[in-house]
file final.txt (compact mmCIF, C-alpha atoms)
# COMPACT_ATOMS: atom_id res chain seq x y z
CA MET A 1 0.00 0.00 0.00
CA GLN A 2 1.25 3.51 -0.76
CA LEU A 3 2.36 5.47 2.29
CA GLN A 4 -0.18 8.26 1.70
CA ASP A 5 -2.97 5.64 1.63
CA ILE A 6 -1.67 4.04 4.81
CA LEU A 7 -1.77 7.37 6.63
CA PHE A 8 -5.25 8.11 5.26
CA SER A 9 -6.60 4.74 6.41
CA GLN A 10 -5.21 5.35 9.90
CA GLY A 11 -6.92 8.72 10.26
CA PHE A 12 -4.15 11.26 9.66
CA GLY A 13 -6.23 13.43 7.34
CA THR A 14 -7.34 13.54 3.73
CA ARG A 15 -5.12 11.96 1.10
CA ARG A 16 -3.89 15.44 0.14
CA ILE A 17 -2.98 16.21 3.75
CA CYS A 18 -1.29 12.81 4.15
CA SER A 19 0.67 13.35 0.95
CA GLY A 20 1.78 16.76 2.22
CA LEU A 21 2.90 15.35 5.57
CA VAL A 22 5.16 12.91 3.77
CA GLN A 23 6.55 15.47 1.32
CA GLN A 24 7.36 17.81 4.21
CA GLY A 25 9.47 15.12 5.88
CA ARG A 26 7.13 14.68 8.83
CA VAL A 27 6.76 10.91 8.48
CA SER A 28 9.31 8.25 9.45
CA VAL A 29 8.71 4.57 8.75
CA GLY A 30 9.87 1.21 10.09
CA PRO A 31 11.66 0.10 13.25
CA ASP A 32 14.62 2.30 12.32
CA LEU A 33 12.23 5.26 11.74
CA ARG A 34 13.65 6.05 8.33
CA PRO A 35 12.43 9.45 7.05
CA CYS A 36 10.31 9.08 3.92
CA VAL A 37 9.44 11.91 1.52
CA ASP A 38 7.75 9.94 -1.28
CA PRO A 39 3.96 9.66 -0.68
CA ALA A 40 3.70 6.90 -3.30
CA GLU A 41 6.38 4.66 -1.77
CA VAL A 42 4.89 1.23 -1.14
CA PHE A 43 5.11 -0.61 2.18
CA ASP A 44 3.81 -3.90 3.53
CA GLU A 45 1.35 -2.57 6.05
CA ALA A 46 1.25 -5.73 8.21
CA GLY A 47 3.12 -4.95 11.42
CA LEU A 48 4.18 -1.55 10.10
CA VAL A 49 5.22 1.11 12.62
CA PHE A 50 5.77 4.77 11.84
CA THR A 51 5.77 8.25 13.32
CA VAL A 52 3.80 11.26 12.12
CA GLN A 53 5.15 14.58 13.39
CA GLY A 54 6.90 12.65 16.16
CA VAL A 55 3.83 10.65 17.22
CA HIS A 56 4.44 6.89 17.27
CA TRP A 57 1.78 4.76 15.56
CA GLU A 58 1.21 1.13 14.60
CA TYR A 59 -0.77 0.12 11.55
CA HIS A 60 -4.07 -1.64 12.31
CA ALA A 61 -6.35 -2.72 9.48
CA ARG A 62 -9.25 -2.58 11.93
CA ALA A 63 -9.44 -0.83 15.28
CA TYR A 64 -10.42 -2.78 18.39
CA LEU A 65 -10.01 -0.79 21.58
CA MET A 66 -10.89 -0.90 25.24
CA LEU A 67 -11.38 2.29 27.24
CA HIS A 68 -11.78 2.79 30.96
CA LYS A 69 -14.67 5.23 30.81
CA PRO A 70 -14.74 7.81 33.61
CA ALA A 71 -17.91 9.34 34.97
CA GLY A 72 -19.19 12.52 33.34
CA PHE A 73 -18.73 11.53 29.68
CA GLU A 74 -21.40 10.70 27.11
CA CYS A 75 -21.02 7.88 24.58
CA SER A 76 -22.09 10.12 21.72
CA HIS A 77 -20.48 12.05 18.89
CA LYS A 78 -23.00 14.82 19.57
CA PRO A 79 -23.18 15.01 23.38
CA GLY A 80 -25.55 17.21 25.31
CA ALA A 81 -24.58 18.49 28.74
CA HIS A 82 -21.39 16.46 29.09
CA PRO A 83 -18.22 15.99 27.01
CA SER A 84 -18.01 13.16 24.51
CA VAL A 85 -16.13 10.00 25.43
CA TYR A 86 -14.47 10.26 21.99
CA THR A 87 -12.50 13.29 23.18
CA LEU A 88 -10.48 10.85 25.31
CA LEU A 89 -9.06 9.28 22.13
CA PRO A 90 -6.31 10.64 19.86
CA GLY A 91 -7.41 12.37 16.67
CA PRO A 92 -6.49 9.59 14.22
CA LEU A 93 -8.83 7.14 15.97
CA ARG A 94 -11.67 9.63 15.55
CA GLU A 95 -10.93 10.20 11.86
CA ARG A 96 -9.70 6.83 10.53
CA GLY A 97 -11.40 5.59 7.39
CA GLY A 98 -12.71 9.00 6.35
CA GLY A 99 -16.22 9.71 5.13
CA ALA A 100 -19.45 10.20 7.06
CA ALA A 101 -18.84 7.14 9.26
CA ALA A 102 -15.21 7.99 10.06
CA GLY A 103 -13.59 6.86 13.27
CA VAL A 104 -14.26 4.23 15.87
CA GLN A 105 -17.71 3.78 17.38
CA ALA A 106 -18.68 2.76 20.88
CA VAL A 107 -19.81 -0.87 21.11
CA GLY A 108 -23.01 -0.18 23.00
CA ARG A 109 -23.26 2.69 25.45
CA LEU A 110 -22.68 3.49 29.07
CA ASP A 111 -24.65 6.26 30.81
CA TYR A 112 -22.74 9.48 31.47
CA ASP A 113 -22.48 8.65 35.18
CA THR A 114 -21.50 4.98 34.63
CA THR A 115 -17.82 4.05 34.65
CA GLY A 116 -15.87 1.07 33.42
CA LEU A 117 -15.15 -1.03 30.36
CA LEU A 118 -16.18 0.40 27.01
CA LEU A 119 -15.24 -1.27 23.73
CA LEU A 120 -14.77 0.76 20.55
CA SER A 121 -14.22 -0.37 16.98
CA ASP A 122 -14.59 0.53 13.32
CA ASP A 123 -15.51 -3.06 12.42
CA GLY A 124 -19.26 -3.18 11.81
CA LYS A 125 -19.47 -6.97 12.01
CA PHE A 126 -17.67 -6.96 15.37
CA ILE A 127 -19.96 -4.25 16.74
CA HIS A 128 -23.03 -6.19 15.62
CA ARG A 129 -21.66 -9.42 17.09
CA MET A 130 -21.09 -7.76 20.46
CA THR A 131 -24.39 -5.85 20.66
CA SER A 132 -26.93 -8.17 19.04
CA PRO A 133 -29.28 -9.71 21.65
CA ARG A 134 -29.17 -13.07 19.86
CA HIS A 135 -25.51 -13.56 20.79
CA HIS A 136 -26.08 -13.07 24.54
CA VAL A 137 -22.68 -11.50 25.23
CA PRO A 138 -22.39 -11.27 29.04
CA LYS A 139 -21.56 -7.99 30.72
CA VAL A 140 -20.66 -7.71 34.40
CA TYR A 141 -21.71 -4.66 36.40
CA GLU A 142 -20.67 -3.62 39.90
CA ALA A 143 -23.45 -1.56 41.46
CA GLY A 144 -23.37 0.36 44.68
CA VAL A 145 -26.92 0.35 46.09
CA LYS A 146 -28.69 2.54 48.62
CA HIS A 147 -30.15 -0.16 50.89
CA PRO A 148 -28.61 -3.42 52.14
CA LEU A 149 -29.29 -6.26 49.75
CA SER A 150 -31.46 -9.17 50.81
CA GLN A 151 -31.41 -12.73 49.54
CA GLU A 152 -34.96 -12.19 48.34
CA GLN A 153 -33.82 -9.32 46.11
CA LEU A 154 -31.00 -11.43 44.67
CA ASP A 155 -33.41 -14.31 44.01
CA ARG A 156 -35.86 -12.02 42.25
CA LEU A 157 -33.13 -10.55 40.03
CA THR A 158 -32.09 -14.06 39.04
CA ALA A 159 -35.67 -15.29 38.55
CA GLY A 160 -36.64 -12.23 36.52
CA VAL A 161 -38.38 -8.88 37.00
CA VAL A 162 -40.81 -7.07 34.71
CA LEU A 163 -39.84 -3.63 33.46
CA ASP A 164 -42.36 -1.03 32.37
CA ASP A 165 -41.59 -1.28 28.64
CA ASP A 166 -41.78 -5.07 28.23
CA PRO A 167 -44.16 -7.62 29.77
CA ARG A 168 -41.54 -10.36 29.50
CA PRO A 169 -39.40 -10.85 32.64
CA VAL A 170 -35.78 -9.73 32.43
CA ARG A 171 -33.34 -12.01 34.25
CA ALA A 172 -29.80 -11.66 35.47
CA HIS A 173 -27.46 -14.35 34.12
CA ALA A 174 -25.70 -14.26 37.50
CA CYS A 175 -26.18 -12.24 40.66
CA GLU A 176 -24.29 -11.93 43.94
CA ALA A 177 -23.66 -9.49 46.77
CA PRO A 178 -19.95 -9.31 47.72
CA SER A 179 -21.09 -6.99 50.50
CA GLY A 180 -24.37 -5.57 51.78
CA LEU A 181 -24.30 -2.54 49.51
CA HIS A 182 -22.35 -4.04 46.59
CA LEU A 183 -24.26 -5.88 43.88
CA ARG A 184 -22.48 -7.81 41.11
CA LEU A 185 -24.83 -8.44 38.21
CA THR A 186 -24.16 -10.27 34.95
CA LEU A 187 -26.52 -9.44 32.08
CA THR A 188 -26.78 -10.83 28.57
CA GLU A 189 -29.20 -8.18 27.28
CA GLY A 190 -28.78 -4.47 26.75
CA LYS A 191 -31.97 -2.62 27.60
CA TYR A 192 -32.05 1.10 28.37
CA HIS A 193 -30.90 1.78 31.97
CA GLN A 194 -31.34 -1.94 32.59
CA VAL A 195 -29.35 -2.34 35.80
CA LYS A 196 -30.90 0.71 37.42
CA ARG A 197 -34.41 -0.35 36.45
CA MET A 198 -33.96 -3.97 37.53
CA VAL A 199 -32.64 -2.89 40.92
CA ALA A 200 -35.51 -0.42 41.30
CA ALA A 201 -37.98 -3.21 40.46
CA VAL A 202 -36.87 -5.16 43.55
CA GLY A 203 -37.17 -2.14 45.84
CA ASN A 204 -33.62 -0.80 45.90
CA ARG A 205 -31.73 1.97 44.13
CA VAL A 206 -28.41 2.15 42.28
CA GLU A 207 -26.11 4.83 43.67
CA SER A 208 -23.07 4.04 41.49
CA LEU A 209 -22.47 1.77 38.53
CA HIS A 210 -19.30 0.31 37.00
CA ARG A 211 -18.92 -2.22 34.17
CA SER A 212 -16.05 -4.55 35.00
CA ALA A 213 -16.21 -7.11 32.17
CA VAL A 214 -17.58 -7.78 28.70
CA GLY A 215 -17.52 -11.38 27.52
CA SER A 216 -14.08 -12.81 28.24
CA LEU A 217 -12.49 -9.37 28.66
CA VAL A 218 -11.99 -7.99 32.17
CA LEU A 219 -11.05 -4.40 32.98
CA GLY A 220 -7.90 -4.59 35.09
CA PRO A 221 -6.27 -2.01 37.38
CA GLU A 222 -3.54 -1.26 34.83
CA LEU A 223 -5.95 0.92 32.84
CA GLU A 224 -6.74 4.13 34.71
CA PRO A 225 -9.99 6.07 34.12
CA GLY A 226 -9.72 7.89 30.81
CA GLN A 227 -7.01 5.58 29.45
CA TRP A 228 -7.37 3.26 26.46
CA ARG A 229 -5.40 0.55 24.69
CA TRP A 230 -5.55 -1.68 21.62
CA LEU A 231 -6.99 -5.15 22.08
CA THR A 232 -4.75 -8.05 21.19
CA ARG A 233 -5.74 -10.50 18.46
CA ALA A 234 -6.31 -13.16 21.13
CA GLU A 235 -8.64 -10.82 23.04
CA VAL A 236 -10.67 -10.04 19.92
CA ASP A 237 -10.93 -13.75 19.11
CA GLY A 238 -11.97 -14.47 22.69
CA LEU A 239 -14.75 -11.90 22.53
CA THR A 240 -16.18 -13.25 19.30
CA GLN A 241 -16.13 -16.94 20.21
CA LYS A 242 -19.50 -18.40 21.09
CA THR A 243 -17.99 -19.89 24.23
CA ALA A 244 -17.08 -16.44 25.60
CA VAL A 245 -19.81 -16.58 28.26
CA LEU A 246 -18.99 -16.13 31.90
CA ALA A 247 -19.89 -18.94 34.27

call {"tool": "encode", "arguments": {"input": "final.txt", "output": "structure tokens"}}
result
Amino acid sequence: MQLQDILFSQGFGTRRICSGLVQQGRVSVGPDLRPCVDPAEVFDEAGLVFTVQGVHWEYHARAYLMLHKPAGFECSHKPGAHPSVYTLLPGPLRERGGGAAAGVQAVGRLDYDTTGLLLLSDDGKFIHRMTSPRHHVPKVYEAGVKHPLSQEQLDRLTAGVVLDDDPRPVRAHACEAPSGLHLRLTLTEGKYHQVKRMVAAVGNRVESLHRSAVGSLVLGPELEPGQWRWLTRAEVDGLTQKTAVLA
């Protein structure tokens, strides 16, 4: 692939801008970071590393990311009262691919006051696989509740509660209380405000909410709020396998 096309696919601007960056000597390519001034020079993009104006980058044909979402950010490109979660990402990730659908998209959404694991990608098939109800991808939530949890409440969440927009009971795949005010809930659906509404249906109230896992992927302490990283190939494969359901 020509270098200008590589830069364009990775989100460094229009093809004209990418060509100009190369011609101006602002792009270095390869492990030895060799300066390149020919926009049409061809490179094998697999495993390619380069810098653009001093910023290190690795080529990825598709973007698969995990972000530790902090509170106070909306999962929207056009947020309302709060900043967009996309502002936590570098510019190329927001522009890669070009066109009206440029950049990575959140795989599902978290409320502005909910923290935790958020996946992002520009792979439509992956996004559909992770969000479609028919695939039952489990998501683990850690909820701080207002009142001490009872065994009856846990049993009802597991057996199923009825929400106001659907007569069919909604059940937790798994449910436990590590402490009296800490509820750990595993869901395989993705209804609007589902955790908050399920907890309200059993007579309690969510005071804080954090998503700690999606499928086989767990948010570890190494990723601070507001930080992101690329997923490994093994992690992507683990998420898309049908067996990626938590016990």

call {"tool": "closest_atom_pairs", "arguments": {"input": "final.txt", "of": "region 118-153 of chain A", "to": "region 169-183 of chain A", "cutoff": "10 Å", "atoms": "only C-alpha atoms", "output": "Markdown table"}}
result
| residue | atom | partner | partner_atom | distance |
| --- | --- | --- | --- | --- |
| A:His136 | CA | A:His173 | CA | 9.8 |
| A:Pro138 | CA | A:His173 | CA | 7.8 |
| A:Lys139 | CA | A:His173 | CA | 9.3 |
| A:Val140 | CA | A:Ala174 | CA | 8.8 |
| A:Tyr141 | CA | A:Leu183 | CA | 8.0 |
| A:Glu142 | CA | A:Leu183 | CA | 5.8 |
| A:Ala143 | CA | A:Leu183 | CA | 5.0 |
| A:Gly144 | CA | A:His182 | CA | 4.9 |
| A:Val145 | CA | A:Leu181 | CA | 5.2 |
| A:Lys146 | CA | A:Leu181 | CA | 6.8 |
| A:His147 | CA | A:Leu181 | CA | 6.5 |
| A:Pro148 | CA | A:Gly180 | CA | 4.8 |
| A:Leu149 | CA | A:Gly180 | CA | 5.4 |
| A:Ser150 | CA | A:Gly180 | CA | 8.0 |
| A:Gln151 | CA | A:Ala177 | CA | 8.8 |
| A:Gln153 | CA | A:Cys175 | CA | 9.8 |

call {"tool": "closest_residue", "arguments": {"input": "final.txt", "among": "A:Leu119, A:Val137, A:Leu163, A:Leu187", "to": "Gly215 (chain A)", "atoms": "only C-alpha atoms"}}
result
A:Val137

call {"tool": "atom_distance", "arguments": {"input": "final.txt", "atom1": "CA of Glu207 (chain A)", "atom2": "CA of Val195 (chain A)"}}
result
11.1 Å

call {"tool": "residues_around", "arguments": {"input": "final.txt", "residues": "Val85 (chain A)", "least_positions_apart": "3", "cutoff": "8 Å", "atoms": "all atoms listed in the file", "output": "PyMOL selection string"}}
result
chain A and resi 69+73-76+88-89

call {"tool": "residues_around", "arguments": {"input": "final.txt", "residues": "Tyr112 (chain A)", "least_positions_apart": "2", "cutoff": "12 Å", "atoms": "only C-alpha atoms", "output": "ChimeraX atom specification"}}
result
/A:69-76,79-85,109-110,114-116,193,208-210

call {"tool": "residues_around", "arguments": {"input": "final.txt", "residues": "Gln24 (chain A)", "least_positions_apart": "4", "cutoff": "12 Å", "atoms": "all atoms listed in the file", "output": "ChimeraX atom specification"}}
result
/A:17-20,28,35-39,52-53

call {"tool": "residues_near_point", "arguments": {"input": "final.txt", "point": "(-11.7, -9.8, 30.2)", "cutoff": "10 Å", "atoms": "all atoms listed in the file", "output": "short mmCIF file (atom, residue, chain, number, x, y, z; two decimals) with C-alpha atoms, in the coordinates of the input"}}
result
data_model
loop_
_atom_site.label_atom_id
_atom_site.label_comp_id
_atom_site.auth_asym_id
_atom_site.auth_seq_id
_atom_site.Cartn_x
_atom_site.Cartn_y
_atom_site.Cartn_z
CA LEU A 117 -15.15 -1.03 30.36
CA SER A 212 -16.05 -4.55 35.00
CA ALA A 213 -16.21 -7.11 32.17
CA VAL A 214 -17.58 -7.78 28.70
CA GLY A 215 -17.52 -11.38 27.52
CA SER A 216 -14.08 -12.81 28.24
CA LEU A 217 -12.49 -9.37 28.66
CA VAL A 218 -11.99 -7.99 32.17
CA LEU A 219 -11.05 -4.40 32.98
CA GLY A 220 -7.90 -4.59 35.09
CA GLU A 235 -8.64 -10.82 23.04
CA GLY A 238 -11.97 -14.47 22.69
CA LEU A 239 -14.75 -11.90 22.53
CA ALA A 244 -17.08 -16.44 25.60
CA LEU A 246 -18.99 -16.13 31.90
#

call {"tool": "decode", "arguments": {"input": "final.txt", "residues": "region 68-212 of chain A", "atoms": "C-alpha atoms", "output": "short mmCIF file (atom, residue, chain, number, x, y, z; two decimals), in the first residue's frame"}}
result
data_model
loop_
_atom_site.label_atom_id
_atom_site.label_comp_id
_atom_site.auth_asym_id
_atom_site.auth_seq_id
_atom_site.Cartn_x
_atom_site.Cartn_y
_atom_site.Cartn_z
CA HIS A 68 -11.78 2.79 30.96
CA LYS A 69 -14.67 5.23 30.81
CA PRO A 70 -14.74 7.81 33.61
CA ALA A 71 -17.91 9.34 34.97
CA GLY A 72 -19.19 12.52 33.34
CA PHE A 73 -18.73 11.53 29.68
CA GLU A 74 -21.40 10.70 27.11
CA CYS A 75 -21.02 7.88 24.58
CA SER A 76 -22.09 10.12 21.72
CA HIS A 77 -20.48 12.05 18.89
CA LYS A 78 -23.00 14.82 19.57
CA PRO A 79 -23.18 15.01 23.38
CA GLY A 80 -25.55 17.21 25.31
CA ALA A 81 -24.58 18.49 28.74
CA HIS A 82 -21.39 16.46 29.09
CA PRO A 83 -18.22 15.99 27.01
CA SER A 84 -18.01 13.16 24.51
CA VAL A 85 -16.13 10.00 25.43
CA TYR A 86 -14.47 10.26 21.99
CA THR A 87 -12.50 13.29 23.18
CA LEU A 88 -10.48 10.85 25.31
CA LEU A 89 -9.06 9.28 22.13
CA PRO A 90 -6.31 10.64 19.86
CA GLY A 91 -7.41 12.37 16.67
CA PRO A 92 -6.49 9.59 14.22
CA LEU A 93 -8.83 7.14 15.97
CA ARG A 94 -11.67 9.63 15.55
CA GLU A 95 -10.93 10.20 11.86
CA ARG A 96 -9.70 6.83 10.53
CA GLY A 97 -11.40 5.59 7.39
CA GLY A 98 -12.71 9.00 6.35
CA GLY A 99 -16.22 9.71 5.13
CA ALA A 100 -19.45 10.20 7.06
CA ALA A 101 -18.84 7.14 9.26
CA ALA A 102 -15.21 7.99 10.06
CA GLY A 103 -13.59 6.86 13.27
CA VAL A 104 -14.26 4.23 15.87
CA GLN A 105 -17.71 3.78 17.38
CA ALA A 106 -18.68 2.76 20.88
CA VAL A 107 -19.81 -0.87 21.11
CA GLY A 108 -23.01 -0.18 23.00
CA ARG A 109 -23.26 2.69 25.45
CA LEU A 110 -22.68 3.49 29.07
CA ASP A 111 -24.65 6.26 30.81
CA TYR A 112 -22.74 9.48 31.47
CA ASP A 113 -22.48 8.65 35.18
CA THR A 114 -21.50 4.98 34.63
CA THR A 115 -17.82 4.05 34.65
CA GLY A 116 -15.87 1.07 33.42
CA LEU A 117 -15.15 -1.03 30.36
CA LEU A 118 -16.18 0.40 27.01
CA LEU A 119 -15.24 -1.27 23.73
CA LEU A 120 -14.77 0.76 20.55
CA SER A 121 -14.22 -0.37 16.98
CA ASP A 122 -14.59 0.53 13.32
CA ASP A 123 -15.51 -3.06 12.42
CA GLY A 124 -19.26 -3.18 11.81
CA LYS A 125 -19.47 -6.97 12.01
CA PHE A 126 -17.67 -6.96 15.37
CA ILE A 127 -19.96 -4.25 16.74
CA HIS A 128 -23.03 -6.19 15.62
CA ARG A 129 -21.66 -9.42 17.09
CA MET A 130 -21.09 -7.76 20.46
CA THR A 131 -24.39 -5.85 20.66
CA SER A 132 -26.93 -8.17 19.04
CA PRO A 133 -29.28 -9.71 21.65
CA ARG A 134 -29.17 -13.07 19.86
CA HIS A 135 -25.51 -13.56 20.79
CA HIS A 136 -26.08 -13.07 24.54
CA VAL A 137 -22.68 -11.50 25.23
CA PRO A 138 -22.39 -11.27 29.04
CA LYS A 139 -21.56 -7.99 30.72
CA VAL A 140 -20.66 -7.71 34.40
CA TYR A 141 -21.71 -4.66 36.40
CA GLU A 142 -20.67 -3.62 39.90
CA ALA A 143 -23.45 -1.56 41.46
CA GLY A 144 -23.37 0.36 44.68
CA VAL A 145 -26.92 0.35 46.09
CA LYS A 146 -28.69 2.54 48.62
CA HIS A 147 -30.15 -0.16 50.89
CA PRO A 148 -28.61 -3.42 52.14
CA LEU A 149 -29.29 -6.26 49.75
CA SER A 150 -31.46 -9.17 50.81
CA GLN A 151 -31.41 -12.73 49.54
CA GLU A 152 -34.96 -12.19 48.34
CA GLN A 153 -33.82 -9.32 46.11
CA LEU A 154 -31.00 -11.43 44.67
CA ASP A 155 -33.41 -14.31 44.01
CA ARG A 156 -35.86 -12.02 42.25
CA LEU A 157 -33.13 -10.55 40.03
CA THR A 158 -32.09 -14.06 39.04
CA ALA A 159 -35.67 -15.29 38.55
CA GLY A 160 -36.64 -12.23 36.52
CA VAL A 161 -38.38 -8.88 37.00
CA VAL A 162 -40.81 -7.07 34.71
CA LEU A 163 -39.84 -3.63 33.46
CA ASP A 164 -42.36 -1.03 32.37
CA ASP A 165 -41.59 -1.28 28.64
CA ASP A 166 -41.78 -5.07 28.23
CA PRO A 167 -44.16 -7.62 29.77
CA ARG A 168 -41.54 -10.36 29.50
CA PRO A 169 -39.40 -10.85 32.64
CA VAL A 170 -35.78 -9.73 32.43
CA ARG A 171 -33.34 -12.01 34.25
CA ALA A 172 -29.80 -11.66 35.47
CA HIS A 173 -27.46 -14.35 34.12
CA ALA A 174 -25.70 -14.26 37.50
CA CYS A 175 -26.18 -12.24 40.66
CA GLU A 176 -24.29 -11.93 43.94
CA ALA A 177 -23.66 -9.49 46.77
CA PRO A 178 -19.95 -9.31 47.72
CA SER A 179 -21.09 -6.99 50.50
CA GLY A 180 -24.37 -5.57 51.78
CA LEU A 181 -24.30 -2.54 49.51
CA HIS A 182 -22.35 -4.04 46.59
CA LEU A 183 -24.26 -5.88 43.88
CA ARG A 184 -22.48 -7.81 41.11
CA LEU A 185 -24.83 -8.44 38.21
CA THR A 186 -24.16 -10.27 34.95
CA LEU A 187 -26.52 -9.44 32.08
CA THR A 188 -26.78 -10.83 28.57
CA GLU A 189 -29.20 -8.18 27.28
CA GLY A 190 -28.78 -4.47 26.75
CA LYS A 191 -31.97 -2.62 27.60
CA TYR A 192 -32.05 1.10 28.37
CA HIS A 193 -30.90 1.78 31.97
CA GLN A 194 -31.34 -1.94 32.59
CA VAL A 195 -29.35 -2.34 35.80
CA LYS A 196 -30.90 0.71 37.42
CA ARG A 197 -34.41 -0.35 36.45
CA MET A 198 -33.96 -3.97 37.53
CA VAL A 199 -32.64 -2.89 40.92
CA ALA A 200 -35.51 -0.42 41.30
CA ALA A 201 -37.98 -3.21 40.46
CA VAL A 202 -36.87 -5.16 43.55
CA GLY A 203 -37.17 -2.14 45.84
CA ASN A 204 -33.62 -0.80 45.90
CA ARG A 205 -31.73 1.97 44.13
CA VAL A 206 -28.41 2.15 42.28
CA GLU A 207 -26.11 4.83 43.67
CA SER A 208 -23.07 4.04 41.49
CA LEU A 209 -22.47 1.77 38.53
CA HIS A 210 -19.30 0.31 37.00
CA ARG A 211 -18.92 -2.22 34.17
CA SER A 212 -16.05 -4.55 35.00
#
